[in-house]
Protein chains: 2
Amino acid sequence: MEYDGTGYKGSQYQGNAPTVQGALERSLRSLTGEPIRVALAGRTDAGVHALGQVASFSTTSRHSPEVMVRGVNARLPRDVVVRAAAVVAAAFDPRRWAQSRWYRYSVCNRPVRPALDRYRAWHVAGRLDLEAMQKACAALLGRHDFAAFAPPSQATRGSTERVIYTAQWRRLNAHVLQFDIEGNAFLQNMVRRIVAALVDIGRGKLAAGNLAEMLRRAVPGTASAMAPAHGLYLIRVRYESGLFDDEANEDV
Amino acid sequence: MEYDGTGYKGSQYQGNAPTVQGALERSLRSLTGEPIRVALAGRTDAGVHALGQVASFSTTSRHSPEVMVRGVNARLPRDVVVRAAAVVAAAFDPRRWAQSRWYRYSVCNRPVRPALDRYRAWHVAGRLDLEAMQKACAALLGRHDFAAFAPPSQATRGSTERVIYTAQWRRLNAHVLQFDIEGNAFLQNMVRRIVAALVDIGRGKLAAGNLAEMLRRAVPGTASAMAPAHGLYLIRVRYESGLFDDEANEDV
């Protein structure tokens, strides 16, 4: 699924607020006549976008996946769309079966605020040292305890060890910087806390050594700043090869 | 100026509808206390975006351009922003002094509609032959009578001769195609009529020779199809070098 998170209070169902899950379930119910519950691969906060969220559900409907896609897209609001569908094993769990998640974060780095991308990128007005931000990424790679980048409440919630496969900044054009990070899984708000820390390094407010030190000390809530939700995109959730056709995600 | 045209009934002032000119004039009046009228370099339709629209006005305010930019941006709605300002000659006319205009058109070419770019790109579901579209651009280059790409009403409005300097398609990623066109000036809806014709060539509904023939016959309204407004961006208006600092437009 692709969605613009601007109009939603996040991905997960809430009875009295617009959510991506709610929109999808309503469309599926309208299409199939069944009270369908969907499971999502990744929880996204209010304002966070997705190009490749994954949802699964059970249905007795005998429509082909292609017919389901057309039917549900005709019923979904314009800011949510299903890009592709496949029949999977009944045991499939989009969250547990995921091998990795790839997120992207967009920063608009120029003196004046963006108008076109006002809901699509974080505006950072001051000068950023991209090289310092890129160098600091090295500390994130591999298996670490990411407790420092978890909410303070994380202390009671089990393992905070995660594996980061890639963490990389690139300059898209004169004003837009993009951060791509892929890992086996992420703690709540972990990407937004990492981005805030890296941007603080880019501003010269934090040394790269501080980030490594926060990782080592592993105290939940240490990285207290969070980059705003609207710069974040869930780009892709990867599964064992062959589980889906991946064509839908070639456009990033 | 940069703006998201989605919420506006076009660039030009209308008493009872939101327009870019209206928003800018209201902000300038609030900042200076003067009833300022602005002149715009290019007229953009409802839904058309801009990264580099140019506006000029006279004021007795003695604020520096930098202070004016900050002040007016604090007052403008979030979907409009002034990127840079400069003091120019009193005789400056942003439309007449312009040496060229550069427009970009975005096409989302995939089976399912876009959610994130629903107001930012034209969704064309069927397969497009990009090579044929690119080849057909050759006929547009140089000085031609573009009457065929003018509204039927153009017949009574003077010269339809224009000069096109560049006309080029590129594939941004697996699903997004971008068309860049720069010319000395454009007739009303000319870019949208050209894009619709080129996309018809890409669909195999029109031969490249038909486009050349329409140009030769030069009958207003011949290219009757128009690509939707929301895929179009006014990227830049060029003036004699040195008139402004061009830094604001490096991000395209």
# chains A, B, ... in the order shown; residues from 1 in each chain; ligands from 1
>>> select_by_dssp(residues="region 113-163 of chain A", states="strand (DSSP E)", output="VMD selection string")
chain A and resid 122 to 123 142 to 145 161 to 163
>>> write_last_selection(atoms="N, CA, C and O atoms", output="PDB file, in the first residue's frame")
ATOM      1  N   TRP A 122      10.981  17.500   6.389  1.00  0.00           N
ATOM      2  CA  TRP A 122      11.270  18.317   7.570  1.00  0.00           C
ATOM      3  C   TRP A 122      12.074  19.530   7.123  1.00  0.00           C
ATOM      4  O   TRP A 122      13.105  19.376   6.467  1.00  0.00           O
ATOM      5  N   HIS A 123      11.605  20.714   7.476  1.00  0.00           N
ATOM      6  CA  HIS A 123      12.337  21.917   7.127  1.00  0.00           C
ATOM      7  C   HIS A 123      13.394  22.229   8.191  1.00  0.00           C
ATOM      8  O   HIS A 123      13.055  22.532   9.334  1.00  0.00           O
ATOM      9  N   GLY A 142      25.031  -2.634  11.801  1.00  0.00           N
ATOM     10  CA  GLY A 142      25.259  -3.887  12.513  1.00  0.00           C
ATOM     11  C   GLY A 142      24.290  -4.072  13.674  1.00  0.00           C
ATOM     12  O   GLY A 142      23.291  -3.348  13.805  1.00  0.00           O
ATOM     13  N   ARG A 143      24.602  -5.051  14.502  1.00  0.00           N
ATOM     14  CA  ARG A 143      23.742  -5.395  15.631  1.00  0.00           C
ATOM     15  C   ARG A 143      24.114  -4.551  16.848  1.00  0.00           C
ATOM     16  O   ARG A 143      25.273  -4.545  17.281  1.00  0.00           O
ATOM     17  N   HIS A 144      23.139  -3.805  17.366  1.00  0.00           N
ATOM     18  CA  HIS A 144      23.386  -2.964  18.544  1.00  0.00           C
ATOM     19  C   HIS A 144      22.158  -2.975  19.443  1.00  0.00           C
ATOM     20  O   HIS A 144      21.054  -3.271  18.987  1.00  0.00           O
ATOM     21  N   ASP A 145      22.371  -2.580  20.670  1.00  0.00           N
ATOM     22  CA  ASP A 145      21.262  -2.297  21.564  1.00  0.00           C
ATOM     23  C   ASP A 145      20.848  -0.854  21.308  1.00  0.00           C
ATOM     24  O   ASP A 145      21.611   0.077  21.584  1.00  0.00           O
ATOM     25  N   GLU A 161      17.554  -4.856  21.118  1.00  0.00           N
ATOM     26  CA  GLU A 161      18.598  -5.150  20.147  1.00  0.00           C
ATOM     27  C   GLU A 161      17.988  -5.198  18.750  1.00  0.00           C
ATOM     28  O   GLU A 161      16.950  -5.854  18.553  1.00  0.00           O
ATOM     29  N   ARG A 162      18.609  -4.512  17.816  1.00  0.00           N
ATOM     30  CA  ARG A 162      18.150  -4.527  16.436  1.00  0.00           C
ATOM     31  C   ARG A 162      19.379  -4.559  15.529  1.00  0.00           C
ATOM     32  O   ARG A 162      20.481  -4.218  15.963  1.00  0.00           O
ATOM     33  N   VAL A 163      19.153  -4.947  14.276  1.00  0.00           N
ATOM     34  CA  VAL A 163      20.257  -4.994  13.310  1.00  0.00           C
ATOM     35  C   VAL A 163      19.986  -3.996  12.191  1.00  0.00           C
ATOM     36  O   VAL A 163      18.921  -4.021  11.563  1.00  0.00           O
TER      37      VAL A 163
END
>>> interface_residues(of="chain B", to="chain A", cutoff="12 Å", atoms="only C-alpha atoms", output="MDAnalysis selection string")
chainID B and resid 1:7 47:52 66 69:74 76:85 108:120 171:177 233 247:252
>>> residues_around(residues="Gln14 (chain A)", least_positions_apart="6", cutoff="12 Å", atoms="only C-alpha atoms", output="list in words")
Tyr8, Val20, Gln21, Gly22, Ala23, Glu25 and Ala46 of chain A
>>> residues_around(residues="region 181-192 of chain A", least_positions_apart="4", cutoff="6 Å", atoms="only C-alpha atoms", output="PDB file with N, CA, C and O atoms, in the first residue's frame")
ATOM      1  N   GLN A  99      11.479  -9.661   6.903  1.00  0.00           N
ATOM      2  CA  GLN A  99      12.915  -9.820   7.131  1.00  0.00           C
ATOM      3  C   GLN A  99      13.574  -8.474   7.388  1.00  0.00           C
ATOM      4  O   GLN A  99      14.561  -8.375   8.108  1.00  0.00           O
ATOM      5  N   SER A 100      13.049  -7.432   6.783  1.00  0.00           N
ATOM      6  CA  SER A 100      13.594  -6.096   7.027  1.00  0.00           C
ATOM      7  C   SER A 100      12.591  -5.030   6.642  1.00  0.00           C
ATOM      8  O   SER A 100      11.638  -5.287   5.904  1.00  0.00           O
ATOM      9  N   ARG A 101      12.812  -3.854   7.189  1.00  0.00           N
ATOM     10  CA  ARG A 101      12.044  -2.658   6.849  1.00  0.00           C
ATOM     11  C   ARG A 101      13.003  -1.608   6.336  1.00  0.00           C
ATOM     12  O   ARG A 101      14.071  -1.421   6.920  1.00  0.00           O
ATOM     13  N   TRP A 102      12.564  -0.900   5.311  1.00  0.00           N
ATOM     14  CA  TRP A 102      13.370   0.175   4.757  1.00  0.00           C
ATOM     15  C   TRP A 102      12.551   1.464   4.897  1.00  0.00           C
ATOM     16  O   TRP A 102      11.447   1.551   4.379  1.00  0.00           O
ATOM     17  N   TYR A 103      13.129   2.424   5.633  1.00  0.00           N
ATOM     18  CA  TYR A 103      12.501   3.733   5.799  1.00  0.00           C
ATOM     19  C   TYR A 103      13.338   4.793   5.096  1.00  0.00           C
ATOM     20  O   TYR A 103      14.562   4.647   4.972  1.00  0.00           O
ATOM     21  N   PHE A 149      17.547   4.969  21.593  1.00  0.00           N
ATOM     22  CA  PHE A 149      16.658   5.539  20.589  1.00  0.00           C
ATOM     23  C   PHE A 149      15.228   5.018  20.745  1.00  0.00           C
ATOM     24  O   PHE A 149      14.424   5.084  19.823  1.00  0.00           O
ATOM     25  N   ALA A 150      14.948   4.486  21.918  1.00  0.00           N
ATOM     26  CA  ALA A 150      13.603   4.015  22.249  1.00  0.00           C
ATOM     27  C   ALA A 150      12.959   5.032  23.179  1.00  0.00           C
ATOM     28  O   ALA A 150      13.640   5.852  23.789  1.00  0.00           O
ATOM     29  N   VAL A 163      19.153  -4.947  14.276  1.00  0.00           N
ATOM     30  CA  VAL A 163      20.257  -4.994  13.310  1.00  0.00           C
ATOM     31  C   VAL A 163      19.986  -3.996  12.191  1.00  0.00           C
ATOM     32  O   VAL A 163      18.921  -4.021  11.563  1.00  0.00           O
ATOM     33  N   ILE A 164      20.950  -3.098  11.969  1.00  0.00           N
ATOM     34  CA  ILE A 164      20.820  -2.121  10.879  1.00  0.00           C
ATOM     35  C   ILE A 164      21.721  -2.556   9.722  1.00  0.00           C
ATOM     36  O   ILE A 164      22.917  -2.766   9.905  1.00  0.00           O
ATOM     37  N   TYR A 165      21.112  -2.698   8.543  1.00  0.00           N
ATOM     38  CA  TYR A 165      21.862  -3.156   7.367  1.00  0.00           C
ATOM     39  C   TYR A 165      22.439  -1.993   6.569  1.00  0.00           C
ATOM     40  O   TYR A 165      23.543  -2.081   6.052  1.00  0.00           O
ATOM     41  N   THR A 166      21.644  -0.919   6.421  1.00  0.00           N
ATOM     42  CA  THR A 166      22.146   0.255   5.699  1.00  0.00           C
ATOM     43  C   THR A 166      21.628   1.507   6.396  1.00  0.00           C
ATOM     44  O   THR A 166      20.520   1.522   6.942  1.00  0.00           O
ATOM     45  N   ALA A 167      22.455   2.538   6.382  1.00  0.00           N
ATOM     46  CA  ALA A 167      22.076   3.845   6.940  1.00  0.00           C
ATOM     47  C   ALA A 167      22.888   4.847   6.156  1.00  0.00           C
ATOM     48  O   ALA A 167      24.108   4.898   6.263  1.00  0.00           O
ATOM     49  N   MET A 226      13.008  14.105  18.504  1.00  0.00           N
ATOM     50  CA  MET A 226      12.427  13.305  17.428  1.00  0.00           C
ATOM     51  C   MET A 226      12.224  14.183  16.206  1.00  0.00           C
ATOM     52  O   MET A 226      11.629  15.251  16.319  1.00  0.00           O
ATOM     53  N   ALA A 227      12.686  13.727  15.067  1.00  0.00           N
ATOM     54  CA  ALA A 227      12.384  14.446  13.824  1.00  0.00           C
ATOM     55  C   ALA A 227      10.878  14.341  13.584  1.00  0.00           C
ATOM     56  O   ALA A 227      10.260  13.344  13.941  1.00  0.00           O
TER      57      ALA A 227
END
>>> atom_distance(atom1="CA of Arg238 (chain B)", atom2="CA of Ala98 (chain B)")
5.8 Å
>>> select_by_dssp(residues="region 15-247 of chain B", states="helix (DSSP H, G or I)", output="ChimeraX atom specification")
/B:20-32,65-75,130-140,147-149,152-156,190-202,208-217,229-231,247
>>> closest_residue(among="A:Val87, A:Cys137, A:Leu128, A:Ala212", to="Arg62 (chain A)", atoms="only C-alpha atoms")
A:Val87
>>> residues_around(residues="Arg43 (chain A)", least_positions_apart="4", cutoff="9 Å", atoms="only C-alpha atoms", output="list in words")
Gly10, Ser11, Gln12 and Gln188 of chain A
>>> write_last_selection(atoms="all heavy atoms", output="CSV table (one decimal), in the first residue's frame")
chain,number,residue,atom,x,y,z
A,10,GLY,N,-2.3,7.9,12.0
A,10,GLY,CA,-1.4,6.8,12.0
A,10,GLY,C,-2.0,5.6,11.3
A,10,GLY,O,-3.1,5.7,10.7
A,11,SER,N,-1.3,4.5,11.3
A,11,SER,CA,-1.7,3.3,10.5
A,11,SER,C,-2.7,2.5,11.3
A,11,SER,O,-3.6,1.9,10.7
A,11,SER,CB,-0.5,2.5,10.2
A,11,SER,OG,0.2,2.1,11.3
A,12,GLN,N,-2.6,2.4,12.6
A,12,GLN,CA,-3.3,1.4,13.4
A,12,GLN,C,-4.7,1.9,13.7
A,12,GLN,O,-4.9,3.0,14.1
A,12,GLN,CB,-2.6,1.1,14.7
A,12,GLN,CG,-1.1,0.6,14.5
A,12,GLN,CD,-1.0,-0.5,13.5
A,12,GLN,OE1,-0.4,-0.4,12.4
A,12,GLN,NE2,-1.5,-1.7,13.9
A,188,GLN,N,9.9,1.8,18.6
A,188,GLN,CA,8.9,2.9,18.4
A,188,GLN,C,9.7,4.2,18.2
A,188,GLN,O,10.5,4.6,19.1
A,188,GLN,CB,8.0,2.9,19.5
A,188,GLN,CG,6.7,3.8,19.2
A,188,GLN,CD,5.9,4.0,20.5
A,188,GLN,OE1,5.9,3.2,21.4
A,188,GLN,NE2,5.1,5.1,20.5
>>> residues_around(residues="Thr59 (chain B)", least_positions_apart="3", cutoff="8 Å", atoms="only C-alpha atoms", output="ChimeraX atom specification")
/B:32,34,36
>>> write_last_selection(atoms="N, CA and C atoms", output="PDB file, in the first residue's frame")
ATOM      1  N   THR B  32       3.418  45.759   4.977  1.00  0.00           N
ATOM      2  CA  THR B  32       3.833  47.142   4.687  1.00  0.00           C
ATOM      3  C   THR B  32       2.782  48.176   5.055  1.00  0.00           C
ATOM      4  N   GLU B  34       0.604  48.964   3.022  1.00  0.00           N
ATOM      5  CA  GLU B  34       0.271  49.576   1.724  1.00  0.00           C
ATOM      6  C   GLU B  34      -0.617  48.642   0.894  1.00  0.00           C
ATOM      7  N   ILE B  36      -0.719  46.959  -1.903  1.00  0.00           N
ATOM      8  CA  ILE B  36       0.213  46.603  -2.979  1.00  0.00           C
ATOM      9  C   ILE B  36      -0.446  45.726  -4.033  1.00  0.00           C
TER      10      ILE B  36
END
>>> closest_residue(among="B:Ser159, B:Val107, B:Leu234, B:Ala132", to="Ala196 (chain B)", atoms="only C-alpha atoms")
B:Val107
>>> residues_around(residues="Tyr239 (chain A)", least_positions_apart="3", cutoff="12 Å", atoms="only C-alpha atoms", output="PyMOL selection string")
chain A and resi 41+54+88+92-102+184+236+242-246
>>> write_last_selection(atoms="N, CA and C atoms", output="PDB file, in the first residue's frame")
ATOM      1  N   ALA A  41       2.242  -4.669   8.420  1.00  0.00           N
ATOM      2  CA  ALA A  41       3.644  -5.047   8.660  1.00  0.00           C
ATOM      3  C   ALA A  41       4.326  -4.075   9.605  1.00  0.00           C
ATOM      4  N   VAL A  54       2.633  -3.130   4.022  1.00  0.00           N
ATOM      5  CA  VAL A  54       2.069  -4.431   3.666  1.00  0.00           C
ATOM      6  C   VAL A  54       0.952  -4.791   4.648  1.00  0.00           C
ATOM      7  N   VAL A  88      -1.313 -15.516  -0.153  1.00  0.00           N
ATOM      8  CA  VAL A  88      -0.206 -16.048   0.656  1.00  0.00           C
ATOM      9  C   VAL A  88      -0.713 -17.183   1.544  1.00  0.00           C
ATOM     10  N   PHE A  92       0.585 -16.628   7.105  1.00  0.00           N
ATOM     11  CA  PHE A  92       1.386 -15.417   6.870  1.00  0.00           C
ATOM     12  C   PHE A  92       1.061 -14.320   7.877  1.00  0.00           C
ATOM     13  N   ASP A  93       2.107 -13.753   8.453  1.00  0.00           N
ATOM     14  CA  ASP A  93       1.955 -12.621   9.367  1.00  0.00           C
ATOM     15  C   ASP A  93       2.884 -11.515   8.846  1.00  0.00           C
ATOM     16  N   PRO A  94       2.325 -10.410   8.367  1.00  0.00           N
ATOM     17  CA  PRO A  94       3.158  -9.408   7.669  1.00  0.00           C
ATOM     18  C   PRO A  94       4.215  -8.795   8.584  1.00  0.00           C
ATOM     19  N   ARG A  95       3.958  -8.780   9.889  1.00  0.00           N
ATOM     20  CA  ARG A  95       4.935  -8.210  10.817  1.00  0.00           C
ATOM     21  C   ARG A  95       6.014  -9.246  11.150  1.00  0.00           C
ATOM     22  N   ARG A  96       5.596 -10.436  11.547  1.00  0.00           N
ATOM     23  CA  ARG A  96       6.578 -11.444  11.986  1.00  0.00           C
ATOM     24  C   ARG A  96       7.382 -12.032  10.848  1.00  0.00           C
ATOM     25  N   TRP A  97       6.773 -12.133   9.689  1.00  0.00           N
ATOM     26  CA  TRP A  97       7.497 -12.740   8.567  1.00  0.00           C
ATOM     27  C   TRP A  97       8.436 -11.749   7.883  1.00  0.00           C
ATOM     28  N   ALA A  98       8.319 -10.473   8.227  1.00  0.00           N
ATOM     29  CA  ALA A  98       9.164  -9.463   7.566  1.00  0.00           C
ATOM     30  C   ALA A  98      10.626  -9.710   7.907  1.00  0.00           C
ATOM     31  N   GLN A  99      11.479  -9.661   6.903  1.00  0.00           N
ATOM     32  CA  GLN A  99      12.915  -9.820   7.131  1.00  0.00           C
ATOM     33  C   GLN A  99      13.574  -8.474   7.388  1.00  0.00           C
ATOM     34  N   SER A 100      13.049  -7.432   6.783  1.00  0.00           N
ATOM     35  CA  SER A 100      13.594  -6.096   7.027  1.00  0.00           C
ATOM     36  C   SER A 100      12.591  -5.030   6.642  1.00  0.00           C
ATOM     37  N   ARG A 101      12.812  -3.854   7.189  1.00  0.00           N
ATOM     38  CA  ARG A 101      12.044  -2.658   6.849  1.00  0.00           C
ATOM     39  C   ARG A 101      13.003  -1.608   6.336  1.00  0.00           C
ATOM     40  N   TRP A 102      12.564  -0.900   5.311  1.00  0.00           N
ATOM     41  CA  TRP A 102      13.370   0.175   4.757  1.00  0.00           C
ATOM     42  C   TRP A 102      12.551   1.464   4.897  1.00  0.00           C
ATOM     43  N   ASN A 184      16.409  -4.942  10.492  1.00  0.00           N
ATOM     44  CA  ASN A 184      15.515  -6.092  10.644  1.00  0.00           C
ATOM     45  C   ASN A 184      14.189  -5.653  11.259  1.00  0.00           C
ATOM     46  N   ARG A 236       9.583   0.156   2.080  1.00  0.00           N
ATOM     47  CA  ARG A 236       9.451  -1.235   1.671  1.00  0.00           C
ATOM     48  C   ARG A 236       9.612  -2.178   2.853  1.00  0.00           C
ATOM     49  N   GLY A 242      10.342 -14.227  -3.473  1.00  0.00           N
ATOM     50  CA  GLY A 242       9.336 -15.049  -4.131  1.00  0.00           C
ATOM     51  C   GLY A 242       7.971 -14.990  -3.471  1.00  0.00           C
ATOM     52  N   LEU A 243       7.929 -14.432  -2.261  1.00  0.00           N
ATOM     53  CA  LEU A 243       6.651 -14.355  -1.562  1.00  0.00           C
ATOM     54  C   LEU A 243       5.686 -13.419  -2.290  1.00  0.00           C
ATOM     55  N   PHE A 244       6.214 -12.268  -2.715  1.00  0.00           N
ATOM     56  CA  PHE A 244       5.430 -11.372  -3.583  1.00  0.00           C
ATOM     57  C   PHE A 244       6.253 -11.011  -4.793  1.00  0.00           C
ATOM     58  N   ASP A 245       5.526 -10.467  -5.752  1.00  0.00           N
ATOM     59  CA  ASP A 245       6.139  -9.750  -6.857  1.00  0.00           C
ATOM     60  C   ASP A 245       6.528  -8.382  -6.295  1.00  0.00           C
ATOM     61  N   ASP A 246       7.763  -7.978  -6.488  1.00  0.00           N
ATOM     62  CA  ASP A 246       8.225  -6.731  -5.892  1.00  0.00           C
ATOM     63  C   ASP A 246       8.103  -5.525  -6.818  1.00  0.00           C
TER      64      ASP A 246
END
>>> closest_residue(among="B:Asp180, B:Ala39, B:Val199, B:Pro220", to="Asp129 (chain B)", atoms="only C-alpha atoms")
B:Val199
>>> decode(residues="region 54-72 of chain B", atoms="C-alpha atoms", output="PDB file, in the first residue's frame")
ATOM      1  CA  VAL B  54       8.296  35.692 -10.265  1.00  0.00           C
ATOM      2  CA  ALA B  55       6.306  38.635  -8.888  1.00  0.00           C
ATOM      3  CA  SER B  56       7.174  42.312  -8.736  1.00  0.00           C
ATOM      4  CA  PHE B  57       5.699  45.291  -6.928  1.00  0.00           C
ATOM      5  CA  SER B  58       6.456  48.840  -5.832  1.00  0.00           C
ATOM      6  CA  THR B  59       6.614  49.844  -2.211  1.00  0.00           C
ATOM      7  CA  THR B  60       7.792  52.772  -0.106  1.00  0.00           C
ATOM      8  CA  SER B  61       8.914  50.271   2.557  1.00  0.00           C
ATOM      9  CA  ARG B  62      12.601  50.524   3.342  1.00  0.00           C
ATOM     10  CA  HIS B  63      12.983  46.952   4.590  1.00  0.00           C
ATOM     11  CA  SER B  64      15.815  45.040   2.945  1.00  0.00           C
ATOM     12  CA  PRO B  65      14.756  42.265   0.531  1.00  0.00           C
ATOM     13  CA  GLU B  66      15.799  39.683   3.174  1.00  0.00           C
ATOM     14  CA  VAL B  67      13.571  41.271   5.811  1.00  0.00           C
ATOM     15  CA  MET B  68      10.717  41.503   3.295  1.00  0.00           C
ATOM     16  CA  VAL B  69      11.076  37.776   2.504  1.00  0.00           C
ATOM     17  CA  ARG B  70      10.940  36.791   6.163  1.00  0.00           C
ATOM     18  CA  GLY B  71       8.044  39.117   6.882  1.00  0.00           C
ATOM     19  CA  VAL B  72       5.916  38.078   3.944  1.00  0.00           C
TER      20      VAL B  72
END
